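**Student:** Attaching a single structure in structure tokens format; questions to follow.
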Amino acid sequence: MNNRNLFLAHLAQTTDFPLAIEIVKAEGVYLYGPNGERYMDLISGIGVSNVGHRHPKVTEAIHQQVDTYLHLMVYGEYIQSPQTLLAKALIDTLPPSLDNVYLVNSGSEAIEGALKLAKRYTNRRELISCVDAYHGSSHGALSVGGNELFKRAYRPLLPGTSQIFYGSFSDLEKISTDTAAVVIETIQGEAGIRVACKEYFNALRTRCDQTGTLLILDEIQSGFGRTGTFWAFEQMNVVPDILVCAKGMGGGMPIGAFIANKDLMGVFKNNPLLGHITTFGGHPVSSAASLATLKVLQEEKLIEQVEAKVNLFRSLLVHTRIRAIRNQGLMMALEFDSFDVLKPIIDRAIELGVITDWFLFCDDSMRIAPPLTITIDQIHEGCALILQAIDGN
């Protein structure tokens, strides 16, 4: 049996129509197939490869850590330099009130930890999230997800959850003294790149302060430079009580984190002790890769290049069939008339060697979120192929 047959026979599938593109190598913005096929990855493995595939400084850090040690002990017991150095580097990018990092394996796990922390700290049980939010697929994360299509088959989920509309000022009145936390994406991703105004986030922060509610910002997709600042919330003039990140922070390795202040995070230490536990959280190899990724973003000034690159994308992606372009930095959505129009374009683009995607809750829009390392020439190449795909359908 070849790899394709083995994939279909023995790996659990998530749909009846996987892309099933076989990849044997990846480097920079490109993926390579077994017969010399080359694909430009314009979605970064869904927001993961912010510094490109196999960035040499990331792979070097991985090699060095592999030669030192792998897993030693469950999280939080041993002093391991990859974890401590990463935590300090993360804290250095943040306001002083966010000074304590809990490392996990993924975005969903980070959300789970943040929800537990909010309930434990406030001794409240109500959680509020947004319509069309996506925070992950585990039970707690799904409970605060905002689309019933993905939830109905798994009910009952967490009790005491409700949704407000992202960007709605009037809905903020639903936040009360019974609310443990509001969990909200700084930039709504799977809703098709929706960006609320600064005034909304300031009103949200004020309402949370008035009611003693914790504000959890989900930057799983928008963090680590994706929007043109290290954290998207920097552009909103607010500071969360708990910040959640993952995806782009690992340079291609699995890692996530939730970050708060030390006093808040301290409630996990007693009543009960070991209030949150992870075996592999902050794995030393993933932590080393994450630290290298952070340094690449800073040393190569990739974040400072985001605005010019997105402006080039917007100037090149002009077509009568593109109804609108929404973006916050290099989180982009190209809107078409419908999914029936978009899907053949995505398929044709893959045939031409460009990988894009649609959004879970916005299937009339094309997702573009390339590695931040993408060059000017590569942007021209990718946009030309997208326009060719549009013209061919």
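Residue numbering restarts at 1 for every chain of the structure tokens, chains are lettered A, B, ... in their displayed order, and ligands are numbered from 1 as they appear.
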Counting only C-alpha atoms, give me one row per residue of segment 280-383 of chain A with an atom at most 10 Å from an atom of segment 185-188 of chain A, showing the shortest contact pair and its distance in Å to one decimal, sorted by chain then residue number, as a Markdown table.
**Tutor:**
| residue | atom | partner | partner_atom | distance |
| --- | --- | --- | --- | --- |
| A:Asn327 | CA | A:Ile187 | CA | 9.5 |
| A:Gln328 | CA | A:Ile187 | CA | 7.7 |
| A:Met331 | CA | A:Ile187 | CA | 8.9 |
**Student:** How would you write, as a count of residues only, the set of residues in segment 330-377 of chain A that DSSP gives as helix (DSSP H, G or I)?
**Tutor:** 16
**Student:** Could you give me, as an mmCIF file with C-alpha atoms, in the first residue's frame, the residues within 10 Å of Thr177 of chain A, counting only C-alpha atoms and dropping anything in the same chain fewer than 6 positions from it?
**Tutor:**
data_model
loop_
_atom_site.group_PDB
_atom_site.id
_atom_site.type_symbol
_atom_site.label_atom_id
_atom_site.label_comp_id
_atom_site.auth_asym_id
_atom_site.auth_seq_id
_atom_site.Cartn_x
_atom_site.Cartn_y
_atom_site.Cartn_z
ATOM 1 C CA THR A 122 -13.841 34.450 40.423
ATOM 2 C CA ARG A 124 -18.355 32.167 39.227
ATOM 3 C CA GLU A 126 -21.050 31.874 33.778
ATOM 4 C CA CYS A 208 -15.649 43.690 32.659
ATOM 5 C CA GLN A 210 -17.458 47.169 36.459
ATOM 6 C CA THR A 211 -18.722 43.607 36.992
ATOM 7 C CA GLY A 212 -15.511 41.969 38.232
ATOM 8 C CA THR A 213 -15.440 39.801 35.113
#
**Student:** With only C-alpha atoms as the atoms that count, which of A:Arg54, A:Arg367, A:Lys116, A:Arg314 lies nearest to Ile379 of chain A?
**Tutor:**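 Of all the options, A:Arg314 lies closest to Ile379 of chain A.
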**Student:** Taking only C-alpha atoms into account, which of A:Val104, A:Ile355, A:Ala191, A:Gly228 comes nearest Glu335 of chain A?
**Tutor:**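 Under the stated criterion, the closest residue is A:Ala191.
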**Student:** Fewer than 2 positions away in the same chain doesn't count, so skip those; otherwise give me all residues within 9 Å of Arg4 of chain A, counting only C-alpha atoms, as a VMD selection string.
**Tutor:** chain A and resid 1 to 2 6 to 9 20 to 22
**Student:** Using only C-alpha atoms, which residues sit within 7 Å of Glu307 of chain A once same-chain residues fewer than 3 positions away are excluded, as a compact mmCIF listing (two decimals) with N, CA and C atoms, in the first residue's frame?
**Tutor:**
# COMPACT_ATOMS: atom_id res chain seq x y z
N GLY A 228 0.62 42.65 12.38
CA GLY A 228 1.46 43.83 12.24
C GLY A 228 1.97 44.42 13.54
N VAL A 310 0.97 43.47 3.10
CA VAL A 310 -0.48 43.38 2.93
C VAL A 310 -0.96 44.43 1.94
N ASN A 311 -0.34 45.59 1.92
CA ASN A 311 -0.71 46.60 0.94
C ASN A 311 -0.45 46.11 -0.48
N GLY A 329 -3.65 43.17 9.22
CA GLY A 329 -2.34 42.65 8.89
C GLY A 329 -2.46 41.55 7.86
